[in-house]
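Contents: one structure, followed by commentary.
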Amino acid sequence: ALREAHAALFPALSLALPQLFPPASFSWRRFLWAYTVVQTRGLVVGGGAEPRARRTVLAPVADLLNYSPTSPLAWPSLEAAGAARPTGPVAEGPPSATLALTFRLLSAVPAGRQLCLYYGHPLAARESRARGPFLGPSPRLLGAVSR
């Protein structure tokens with residue numbers, strides 16, 4: 001599946017936008033690296049104008065949060081930038097200009113306590129940890145790459 005995705009994108013993007021996508025820069029190896037970065041570092045979040053829509057976002061530093069089943073930190077969502085709680089539809093425009101990745105506390109946190117994320121069901125947490133940067137790639141990712 002990944003090889004087909006790479007073949008569908010390149011050389012098409014290189015032909016359409018050679019200044020942005022120089023053909024020599026988008027080898028299979030680089031594509032696989034970029035895919036792995038998104039799969040292992042991305043956070044899947046909902047929110048924004050379509051709350052049920054899920055998006056994968058890269059959030060520097062947030063992807064380094066440790067796991068804890070008792071975390072007081074809720075899973076992040078996309079919310080109207082600068083709003084304590086969005087009350088209406090998000091304004092039109094580029095997502096980066098109107099949405100903010102928001103983490104909410106579920107309970108009070110004492111000063112100095114480490115903030116962690118709870119990834120959900122224990123099996124989902126195990127899968128998420130398996131994808132973590134220090135524990136190696138996901139078995140699903142390895143299966144997809146080997147096909």
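Following the order of the structure tokens, chains are lettered A, B, ..., residues in each are numbered from 1, and ligands are numbered from 1.
Backbone DSSP assigns alpha helix (DSSP H) in segment 3-59 of chain A to Arg3, Glu4, Ala5, His6, Ala7, Ala8, Leu9, Ala12, Leu13, Ser14, Leu15, Ala16, Trp28, Arg29, Arg30, Phe31, Leu32, Trp33, Ala34, Tyr35, Thr36, Val37, Val38, Gln39, Thr40 and Arg41 of chain A.
Taking only C-alpha atoms, the non-local environment of Ser27 of chain A within 12 Å (same-chain residues fewer than 2 positions away omitted) comprises Arg3, His6, Ala7, Leu9, Phe10, Pro11, Ser14, Phe21, Pro22, Pro23, Ala24, Ser25, Arg29, Arg30, Phe31, Leu32, Trp33 and Ala34 of chain A.
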Q: Determine, counting only C-alpha atoms, which protein, DNA and RNA residues have an atom within 9 Å of an atom of Arg55 of chain A; residues of the same chain fewer than 6 positions away are not included. Present the result as number ranges by chain.
A: A: 43-47
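Ranking A:Arg41, A:Glu50, A:Pro76, A:Glu4 by their shortest atom-to-atom distance to Trp28 of chain A, with only C-alpha atoms included, puts A:Glu4 first.
Among the candidate residues A:Ala81, A:Ala53, A:Ala12, A:Leu64, the one lying nearest to Leu115 of chain A is A:Leu64, with distances computed using only C-alpha atoms.
Taking atom CA of Asp63 of chain A and atom CA of Leu13 of chain A as endpoints, the distance between them is 28.9 Å.
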Q | Atom-to-atom span, atom CA of Ala74 of chain A and atom CA of Leu105 of chain A, Å | A |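 So the answer is 5.9 Å.
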Q) What gap, in Å, lies between atom CA of Pro69 of chain A and atom CA of Tyr35 of chain A? A)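 Between atom CA of Pro69 of chain A and atom CA of Tyr35 of chain A the gap is 28.0 Å.
Proximity ranking of A:Ser77, A:Ser71, A:Thr98, A:Val61 relative to Arg113 of chain A places A:Ser71 first, based on only C-alpha atoms.
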